[in-house]
Every structure is written in C-alpha cells, then in structure tokens.
$ cat entry35.tsv   # TSV, C-alpha atoms
chain	number	residue	atom	x	y	z
A	1	ILE	CA	34.90	24.48	-15.42
A	2	SER	CA	37.17	27.49	-15.92
A	3	GLN	CA	36.35	27.55	-19.63
A	4	SER	CA	32.60	26.96	-19.38
A	5	MET	CA	30.63	28.83	-16.73
A	6	PRO	CA	26.87	28.22	-16.38
A	7	SER	CA	24.43	30.96	-17.31
A	8	VAL	CA	21.95	32.42	-14.80
A	9	MET	CA	18.66	34.30	-14.98
A	10	VAL	CA	17.44	36.40	-12.04
A	11	ILE	CA	13.64	36.42	-11.56
A	12	PRO	CA	11.23	37.49	-8.80
A	13	SER	CA	9.99	34.56	-6.70
A	14	ASP	CA	6.38	33.33	-6.72
A	15	ALA	CA	5.96	34.68	-3.18
A	16	MET	CA	6.97	38.15	-4.33
A	17	LEU	CA	4.71	37.96	-7.38
A	18	LYS	CA	1.81	36.93	-5.15
A	19	ARG	CA	2.28	39.94	-2.86
A	20	MET	CA	2.17	42.14	-5.96
A	21	ASN	CA	-0.97	40.41	-7.30
A	22	CYS	CA	1.04	39.16	-10.27
A	23	LEU	CA	0.50	35.45	-9.56
A	24	LYS	CA	-2.81	33.73	-10.31
A	25	GLU	CA	-3.74	30.19	-9.35
A	26	ILE	CA	-5.47	28.18	-12.06
A	27	LYS	CA	-7.37	24.98	-11.28
A	28	ASN	CA	-8.03	22.56	-14.11
A	29	GLN	CA	-9.54	19.13	-13.41
A	30	GLY	CA	-7.94	18.93	-9.98
A	31	THR	CA	-4.54	20.14	-11.17
A	32	ILE	CA	-3.23	23.49	-9.95
A	33	SER	CA	-1.01	25.63	-12.15
A	34	TYR	CA	0.10	29.25	-11.95
A	35	SER	CA	-0.01	32.23	-14.28
A	36	ARG	CA	2.92	34.58	-13.68
A	37	ASP	CA	2.82	38.20	-14.86
A	38	TYR	CA	6.47	39.23	-14.73
A	39	ALA	CA	5.98	42.27	-16.94
A	40	THR	CA	3.44	43.83	-14.56
A	41	SER	CA	5.75	43.20	-11.60
A	42	PHE	CA	8.26	45.61	-13.15
A	43	ILE	CA	5.53	48.24	-13.42
A	44	LYS	CA	4.29	47.78	-9.85
A	45	SER	CA	7.76	47.78	-8.32
A	46	SER	CA	9.89	50.64	-9.59
A	47	GLU	CA	13.08	49.32	-7.97
A	48	LEU	CA	12.72	45.65	-9.05
A	49	LYS	CA	14.71	45.98	-12.28
A	50	PHE	CA	17.47	47.85	-10.43
A	51	VAL	CA	17.69	45.18	-7.72
A	52	ILE	CA	17.89	42.48	-10.41
A	53	ALA	CA	20.59	44.49	-12.18
A	54	GLU	CA	22.66	44.70	-8.97
A	55	ILE	CA	22.46	40.93	-8.47
A	56	GLU	CA	23.28	40.30	-12.13
A	57	GLY	CA	26.27	42.60	-11.78
A	58	GLN	CA	27.70	40.57	-8.92
A	59	PHE	CA	27.31	37.31	-10.84
A	60	SER	CA	28.85	38.92	-13.92
A	61	THR	CA	31.99	39.93	-11.99
A	62	LYS	CA	32.44	36.26	-11.09
A	63	GLY	CA	32.28	35.20	-14.73
A	64	PHE	CA	28.70	33.95	-15.03
A	65	PRO	CA	26.97	34.61	-18.39
A	66	LEU	CA	23.61	36.34	-17.88
A	67	GLU	CA	20.15	35.87	-19.37
A	68	ASN	CA	18.09	38.99	-18.63
A	69	LEU	CA	14.45	38.48	-17.67
A	70	GLU	CA	13.10	41.76	-19.05
A	71	GLN	CA	14.84	41.36	-22.41
A	72	THR	CA	13.62	37.76	-22.75
A	73	LEU	CA	10.05	38.88	-22.03
A	74	LYS	CA	10.34	41.34	-24.91
A	75	LEU	CA	11.58	38.59	-27.24
A	76	ILE	CA	8.54	36.40	-26.63
A	77	ASN	CA	5.99	39.21	-26.43
A	78	ASN	CA	4.89	38.91	-30.07
A	79	ASN	CA	4.41	35.16	-29.76
A	80	ASN	CA	2.32	35.67	-26.63
A	81	ALA	CA	0.05	38.13	-28.40
A	82	MET	CA	-0.50	35.67	-31.23
A	83	ASP	CA	-1.12	32.76	-28.85
A	84	ASN	CA	-3.73	34.78	-26.96
A	85	MET	CA	-5.56	35.46	-30.22
A	86	VAL	CA	-5.86	31.75	-31.05
A	87	GLY	CA	-6.44	30.57	-27.48
A	88	VAL	CA	-3.19	28.65	-27.00
A	89	ALA	CA	-2.53	27.74	-23.36
A	90	ARG	CA	0.82	29.05	-22.17
A	91	ASP	CA	3.14	28.49	-19.25
A	92	LEU	CA	5.17	31.73	-19.23
A	93	ARG	CA	7.85	30.40	-16.92
A	94	ALA	CA	8.40	27.34	-19.15
A	95	GLU	CA	8.40	29.64	-22.18
A	96	LEU	CA	11.02	31.86	-20.56
A	97	MET	CA	13.26	28.91	-19.80
A	98	ASN	CA	12.92	27.47	-23.31
A	99	THR	CA	13.63	30.85	-24.92
A	100	ALA	CA	16.65	31.88	-22.84
A	101	ARG	CA	17.76	28.40	-21.74
A	102	PRO	CA	19.71	29.47	-18.65
A	103	ASP	CA	21.45	26.78	-16.64
A	104	TYR	CA	20.22	28.19	-13.32
A	105	ILE	CA	17.33	30.32	-12.08
A	106	VAL	CA	18.16	32.82	-9.34
A	107	GLU	CA	14.89	33.51	-7.49
A	108	LEU	CA	14.69	36.79	-5.63
A	109	ASP	CA	12.35	37.79	-2.80
A	110	TYR	CA	12.72	40.95	-0.72
A	111	GLU	CA	10.73	43.24	1.59
A	112	LEU	CA	11.51	46.63	3.10
A	113	LYS	CA	9.77	46.99	6.47
A	114	GLN	CA	9.80	49.21	9.52
A	115	ASP	CA	9.97	47.56	12.94
A	116	PRO	CA	6.81	48.69	14.79
A	117	ASN	CA	8.50	48.01	18.15
A	118	SER	CA	11.52	50.17	17.44
A	119	ARG	CA	11.93	53.90	17.87
A	120	ASN	CA	14.19	53.89	14.85
A	121	ILE	CA	12.12	55.12	11.91
A	122	ASN	CA	14.46	53.52	9.39
A	123	LYS	CA	13.12	50.58	7.41
A	124	THR	CA	15.20	47.41	7.16
A	125	LEU	CA	15.60	45.05	4.25
A	126	THR	CA	15.06	41.29	4.33
A	127	TYR	CA	15.89	39.35	1.21
A	128	ILE	CA	16.12	35.73	0.11
A	129	ILE	CA	18.02	34.52	-2.95
A	130	LYS	CA	17.67	30.92	-4.06
A	131	CYS	CA	19.56	29.34	-6.97
A	132	MET	CA	17.78	26.43	-8.67
A	133	ASP	CA	18.64	23.93	-11.36
A	134	VAL	CA	16.24	24.71	-14.23
A	135	TYR	CA	15.95	21.04	-15.18
A	136	THR	CA	14.81	19.74	-11.78
A	137	ASN	CA	13.77	22.92	-9.89
A	138	LYS	CA	15.97	21.67	-7.05
A	139	SER	CA	17.72	24.29	-4.94
A	140	VAL	CA	21.49	24.15	-5.24
A	141	ALA	CA	22.33	27.19	-3.06
A	142	SER	CA	20.49	29.89	-1.12
A	143	ILE	CA	20.99	32.77	1.30
A	144	THR	CA	18.65	34.62	3.66
A	145	ARG	CA	19.59	38.05	4.97
A	146	ALA	CA	17.61	40.12	7.48
A	147	ASN	CA	17.75	43.58	9.10
A	148	ILE	CA	19.94	45.02	6.36
A	149	GLY	CA	20.34	48.80	6.64
A	150	LYS	CA	19.21	49.02	10.26
A	151	GLU	CA	21.69	51.79	10.97
A	152	SER	CA	21.60	53.30	7.49
A	153	ALA	CA	19.91	56.61	6.78
A	154	SER	CA	19.15	55.41	3.26
A	155	ASN	CA	16.24	53.13	2.35
A	156	ASP	CA	17.38	52.65	-1.21
A	157	VAL	CA	16.72	48.94	-1.84
A	158	PRO	CA	19.13	48.49	-4.79
A	159	GLY	CA	21.86	50.23	-2.78
A	160	LEU	CA	21.29	48.03	0.28
A	161	VAL	CA	21.32	44.89	-1.86
A	162	LYS	CA	24.51	45.99	-3.63
A	163	GLU	CA	26.25	46.68	-0.33
A	164	ASP	CA	25.26	43.41	1.34
A	165	PHE	CA	25.12	40.93	-1.57
A	166	SER	CA	28.69	41.56	-2.67
A	167	SER	CA	29.90	39.58	0.35
A	168	ALA	CA	27.20	36.90	0.14
A	169	CYS	CA	27.52	36.17	-3.58
A	170	GLY	CA	30.65	34.07	-3.06
A	171	ASP	CA	28.80	31.26	-1.27
A	172	LEU	CA	26.08	31.20	-3.93
A	173	SER	CA	28.54	31.07	-6.82
A	174	LYS	CA	30.46	28.27	-5.11
A	175	GLY	CA	27.28	26.23	-4.72
A	176	ILE	CA	26.42	26.75	-8.38
A	177	THR	CA	29.86	25.86	-9.75
A	178	ASN	CA	30.08	22.72	-7.57
A	179	HIS	CA	26.68	21.59	-8.85
A	180	PHE	CA	27.68	22.43	-12.43
A	181	LYS	CA	30.82	20.32	-12.13
A	182	ASP	CA	28.58	17.37	-11.22
A	183	LEU	CA	26.39	18.02	-14.28
A	184	LEU	CA	29.40	18.12	-16.59
A	185	ALA	CA	30.69	14.84	-15.18
A	186	ASN	CA	27.42	12.92	-14.75
A	187	GLY	CA	24.89	14.62	-17.03
A	188	ILE	CA	21.88	16.84	-16.34
A	189	GLU	CA	18.95	15.35	-14.46
A	190	ILE	CA	15.45	15.22	-15.99
A	191	THR	CA	12.21	13.25	-15.67
A	192	LEU	CA	10.58	11.17	-18.42
A	193	ARG	CA	6.90	10.31	-18.74
A	194	VAL	CA	5.50	8.06	-21.46
A	195	ALA	CA	1.69	7.79	-21.55
A	196	ALA	CA	-0.63	5.85	-23.86
A	197	MET	CA	-3.83	7.77	-24.62
A	198	ASN	CA	-7.14	6.04	-23.88
A	199	GLU	CA	-8.32	6.35	-27.48
A	200	SER	CA	-5.10	4.83	-28.84
A	201	ALA	CA	-6.01	1.20	-27.96
A	202	VAL	CA	-2.27	0.76	-27.35
A	203	ALA	CA	-0.80	-0.55	-24.08
A	204	LEU	CA	2.82	-0.19	-23.10
A	205	ASP	CA	2.98	-3.91	-22.39
A	206	ASP	CA	1.95	-4.73	-25.97
A	207	ASP	CA	4.52	-6.59	-28.04
A	208	CYS	CA	6.88	-4.76	-30.38
A	209	GLY	CA	8.94	-7.42	-32.13
A	210	ASP	CA	10.58	-9.67	-29.55
A	211	ASP	CA	10.06	-7.16	-26.70
A	212	GLU	CA	7.21	-5.21	-25.17
A	213	ILE	CA	6.96	-1.47	-25.88
A	214	GLY	CA	7.92	-0.73	-22.27
A	215	GLU	CA	10.98	-2.97	-22.58
A	216	LYS	CA	12.02	-1.05	-25.70
A	217	ILE	CA	11.81	2.16	-23.65
A	218	ILE	CA	14.00	0.64	-20.93
A	219	THR	CA	16.57	-0.40	-23.54
A	220	PHE	CA	16.60	3.13	-24.94
A	221	LEU	CA	17.24	4.56	-21.48
A	222	LYS	CA	20.09	2.16	-20.83
A	223	GLN	CA	21.74	3.11	-24.12
A	224	ASN	CA	21.12	6.87	-24.10
A	225	THR	CA	21.52	8.01	-20.48
A	226	VAL	CA	24.84	8.93	-18.87
A	227	ASN	CA	26.18	5.81	-17.12
A	228	SER	CA	22.72	4.21	-17.62
A	229	THR	CA	21.40	6.34	-14.77
A	230	TYR	CA	17.62	6.50	-14.26
A	231	LYS	CA	14.97	5.45	-11.75
A	232	MET	CA	11.59	3.95	-12.70
A	233	SER	CA	8.83	5.33	-10.45
A	234	LYS	CA	5.76	4.07	-12.28
A	235	ASN	CA	5.13	1.18	-14.67
A	236	THR	CA	1.59	0.36	-15.81
A	237	GLY	CA	-0.03	-0.60	-19.08
A	238	THR	CA	-0.82	3.04	-19.81
A	239	GLU	CA	2.06	4.98	-18.26
A	240	MET	CA	5.75	4.76	-17.42
A	241	TYR	CA	7.43	7.46	-15.33
A	242	PHE	CA	11.15	7.85	-14.69
A	243	THR	CA	13.02	10.22	-12.38
A	244	ASN	CA	16.74	10.95	-11.94
A	245	VAL	CA	17.26	10.45	-15.68
A	246	ARG	CA	20.76	11.68	-16.48
A	247	ILE	CA	21.27	12.94	-20.04
A	248	LYS	CA	24.23	14.55	-21.79
A	249	THR	CA	24.61	18.32	-21.53
A	250	GLN	CA	25.33	18.94	-25.24
A	251	ASP	CA	24.58	17.34	-28.58
A	252	GLU	CA	27.13	16.46	-31.27
A	253	ASP	CA	27.18	20.07	-32.50
A	254	GLY	CA	27.94	21.46	-29.05
A	255	GLN	CA	24.41	22.84	-28.61
A	256	SER	CA	22.48	22.63	-25.33
A	257	PHE	CA	20.71	19.27	-24.98
A	258	THR	CA	17.39	19.35	-23.11
A	259	ALA	CA	14.51	17.08	-22.11
A	260	TYR	CA	12.78	17.99	-25.38
A	261	ASP	CA	15.76	16.77	-27.40
A	262	PHE	CA	15.90	13.54	-25.39
A	263	ALA	CA	12.17	12.95	-25.91
A	264	LYS	CA	12.59	13.67	-29.62
A	265	SER	CA	15.14	10.85	-29.92
A	266	LEU	CA	12.86	8.44	-28.04
A	267	LYS	CA	9.89	9.44	-30.23
A	268	LYS	CA	11.86	8.63	-33.38
A	269	GLY	CA	12.85	5.25	-31.96
A	270	LEU	CA	9.26	4.30	-31.07
A	271	LYS	CA	7.89	5.43	-34.42
A	272	LYS	CA	10.55	3.59	-36.41
A	273	GLY	CA	10.90	0.50	-34.24
A	274	CYS	CA	7.25	-0.08	-33.30
A	275	GLY	CA	5.30	1.83	-35.94
A	276	LEU	CA	3.50	3.90	-33.29
A	277	SER	CA	1.89	7.31	-33.60
A	278	VAL	CA	3.90	9.30	-31.06
A	279	LYS	CA	3.86	12.98	-30.06
A	280	ASN	CA	6.54	14.90	-28.16
A	281	LYS	CA	4.53	17.02	-25.66
A	282	THR	CA	7.55	18.26	-23.69
A	283	GLN	CA	7.20	21.89	-22.52
A	284	SER	CA	9.85	22.48	-19.89
A	285	LEU	CA	13.61	22.01	-20.08
A	286	GLY	CA	13.63	19.20	-17.52
A	287	ASP	CA	10.39	17.20	-17.94
A	288	ALA	CA	10.20	15.01	-21.03
A	289	PHE	CA	6.68	13.90	-21.98
A	290	ILE	CA	5.80	11.43	-24.75
A	291	GLN	CA	2.21	10.63	-25.80
A	292	VAL	CA	1.37	7.41	-27.63
A	293	LYS	CA	-1.76	7.90	-29.74

$ encode --input "entry35.tsv" --output "structure tokens"
Amino acid sequence: ISQSMPSVMVIPSDAMLKRMNCLKEIKNQGTISYSRDYATSFIKSSELKFVIAEIEGQFSTKGFPLENLEQTLKLINNNNAMDNMVGVARDLRAELMNTARPDYIVELDYELKQDPNSRNINKTLTYIIKCMDVYTNKSVASITRANIGKESASNDVPGLVKEDFSSACGDLSKGITNHFKDLLANGIEITLRVAAMNESAVALDDDCGDDEIGEKIITFLKQNTVNSTYKMSKNTGTEMYFTNVRIKTQDEDGQSFTAYDFAKSLKKGLKKGCGLSVKNKTQSLGDAFIQVK
C-alpha cells in the first residue's frame, strides 16, 4: 500500500450540476439516464476549478495520484464532436472514467448562503465530499461540513475550503486507503450481465458440449474470479446477472484490469467454446455486459 496509492478524480456532484442547470434527465423506454455538462459548470461557476484544485492539492500532499477533470474533458473533446456528428449516444461520465481510469471518484457539492435569521451579513459555506469506488459507485468515505466561515470576513469559497478541508482530509484518505487494501487483497468488485437477444434464437440453457451455456459461464466465473467470489442474482433462459464479482486489479502486464477486460475474456471463451456470436457491450469500468446474438 505504501508503494501503490490509488488515483482520484474530483468532480462536481449531480446535485450541484442540477442547481447549475448542467444536468438533464433523459427518459428512454422507461429507463432514466442523465446527461452531464461538466464543461459548462466551469463556465457558470468561476470558483469551481479553484475549489477542485484546493481539494486535489490536499490529496496530493498525502500521496494520491490525481486525474484532473478539466484536462480529461479536453482529451475527449474531439471524440465527442465526432460522435455528435454521427449520432453516437454517449455517457460522458462513463467516458470520463474510461479515459482517465481513476480508482476513486471524489464528488463535491457546496453552497455559500447567508442566514436570513442572522444579523451577521457574512455568508457561510456548507460542503459535502463523498469518495466512491468507480467500479461499484459505492461510497467508501464522506464528510459533511456546515457553517464554515461564520466569523470570517472573507467569503472566498476556495479559501474557506482550503482552511477547513486540510483537517478533514485525513479521515477521507484513511477510508480510501483501507478500502484500497481490501481491493488489493480480494480483487475489485464488478457486476456481470449476459443477455441473449430475442432475434438470436439462442437460450442460455441451450447445450454447449456436455454443459449448458449458462453452466459454461458459471465455470468461467469460478476459474477467473478472485477466490471464486461472485453472486448470481438472475438466471433465466435469456439473461444471467451477477453481482459482487471480484476480479483481479491488474493484468499480466501490470495494466489496470476492468470490467471490459473481464467481459472480453468471457466473450472469447463463449465464441471459441460454443461457437456463438458474442458482443462486448461494456461501457463503464464496473459493469460488464455481454450480448449473445
């Protein structure tokens, strides 16, 4: 753990984006997704990049490698422009995570308000910082601070965050490193979904040699998960869904190993072993998705 610290990326929370009209809800056939406009949030909030920089600075002093949100947005900007031209659907948050591949997301939400019941004209800062595992979106550590700067003559948000967060960062970093130790010992946690398309005329309980296709998938999980750790949540003729799937953190070359890489291995096994037409539709770091066509 002293030689390998996890990387973090600081981003504004969905709640903050919504207040800035930078979060749009999209409904598609009963499924709700969100479009996040991080770039516009920097334009609408002049101090946002400075607040993020202060938080990044505190994590950096504790040895955490950083993945910067604004720089990553610039890296994928050209791809976004091209995708928009050809009508490719995009999930910007998933694209950010796949481009930068941080180990943890640090979500930031803050507001500077004046108490209407107080004679003190100074505004006070309330902020929430939540650290989440990018593979599962589970919170591993968080802090909530209120009434910061009540007696201060300055309403400089970055300055107030710098002054207060320096003492609170220790608890967050401890929560992250403890969680990271567990990942190094027991593997990262992902989900796996295998679905047979209606037009494929293939069922997951069809035979593949001496076993059914679904049984082949179970065998693969037993052989390729850390300590054979997984939990089957759904098992039908058209879909199998697994949670708490523990996979290795790195491949043989020492590169980061993600849900996409895990799904890629399973796809190869199904194509070679059962002669199936299989597509790897994984988008996020932590949700593997295989389609059988």

$ closest_residue --input "entry35.tsv" --among "A:Ile247, A:Cys169, A:Ile143, A:Leu160" --to "Ile188 of chain A" --atoms "all atoms listed in the file"
A:Ile247

$ residues_around --input "entry35.tsv" --residues "segment 38-54 of chain A" --least-positions-apart "4" --cutoff "8 Å" --atoms "only C-alpha atoms" --output "ChimeraX atom specification"
/A:10-12,17,20,22,58,70,73,157-158,161-162

$ closest_residue --input "entry35.tsv" --among "A:Asn98, A:Thr219, A:Ser13, A:Gln255" --to "Leu270 of chain A" --atoms "all atoms listed in the file"
A:Thr219

$ residues_around --input "entry35.tsv" --residues "Gly275 of chain A" --least-positions-apart "5" --cutoff "12 Å" --atoms "only C-alpha atoms" --output "number ranges by chain"
A: 202, 207-209, 213, 267-270, 292-293

$ closest_residue --input "entry35.tsv" --among "A:Glu25, A:Asp205, A:Asp109, A:Asp156" --to "Thr236 of chain A" --atoms "only C-alpha atoms"
A:Asp205

$ closest_residue --input "entry35.tsv" --among "A:Asp287, A:Asp182, A:Asp211, A:Asp37" --to "Val194 of chain A" --atoms "all atoms listed in the file"
A:Asp287

$ closest_residue --input "entry35.tsv" --among "A:Ser284, A:Thr61, A:Thr191, A:Gln71" --to "Val134 of chain A" --atoms "all atoms listed in the file"
A:Ser284

$ atom_distance --input "entry35.tsv" --atom1 "atom CA of Asp164 of chain A" --atom2 "atom CA of Lys62 of chain A"
16.0 Å

$ closest_residue --input "entry35.tsv" --among "A:Glu215, A:Asp103, A:Glu151, A:Glu111" --to "Ser256 of chain A" --atoms "only C-alpha atoms"
A:Asp103

$ atom_distance --input "entry35.tsv" --atom1 "atom CA of Gly254 of chain A" --atom2 "atom CA of Pro102 of chain A"
15.5 Å

$ residues_around --input "entry35.tsv" --residues "segment 183-185 of chain A" --least-positions-apart "5" --cutoff "12 Å" --atoms "only C-alpha atoms" --output "number ranges by chain"
A: 1, 4-6, 103-104, 133, 135-136, 140, 176-178, 190, 226-227, 245-250

$ residues_around --input "entry35.tsv" --residues "Asn155 of chain A" --least-positions-apart "5" --cutoff "12 Å" --atoms "all atoms listed in the file" --output "ChimeraX atom specification"
/A:47,111-114,121-125,147-150,160-161

$ residues_near_point --input "entry35.tsv" --point "(13.2, 20.0, -22.8)" --cutoff "9 Å" --atoms "all atoms listed in the file" --output "CSV table (one decimal) with C-alpha atoms, in the coordinates of the input"
chain,number,residue,atom,x,y,z
A,98,ASN,CA,12.9,27.5,-23.3
A,135,TYR,CA,16.0,21.0,-15.2
A,190,ILE,CA,15.4,15.2,-16.0
A,257,PHE,CA,20.7,19.3,-25.0
A,258,THR,CA,17.4,19.4,-23.1
A,259,ALA,CA,14.5,17.1,-22.1
A,260,TYR,CA,12.8,18.0,-25.4
A,261,ASP,CA,15.8,16.8,-27.4
A,262,PHE,CA,15.9,13.5,-25.4
A,263,ALA,CA,12.2,13.0,-25.9
A,282,THR,CA,7.6,18.3,-23.7
A,283,GLN,CA,7.2,21.9,-22.5
A,284,SER,CA,9.8,22.5,-19.9
A,285,LEU,CA,13.6,22.0,-20.1
A,286,GLY,CA,13.6,19.2,-17.5
A,287,ASP,CA,10.4,17.2,-17.9
A,288,ALA,CA,10.2,15.0,-21.0
A,289,PHE,CA,6.7,13.9,-22.0

$ atom_distance --input "entry35.tsv" --atom1 "atom CA of Ala15 of chain A" --atom2 "atom CA of Arg193 of chain A"
28.9 Å
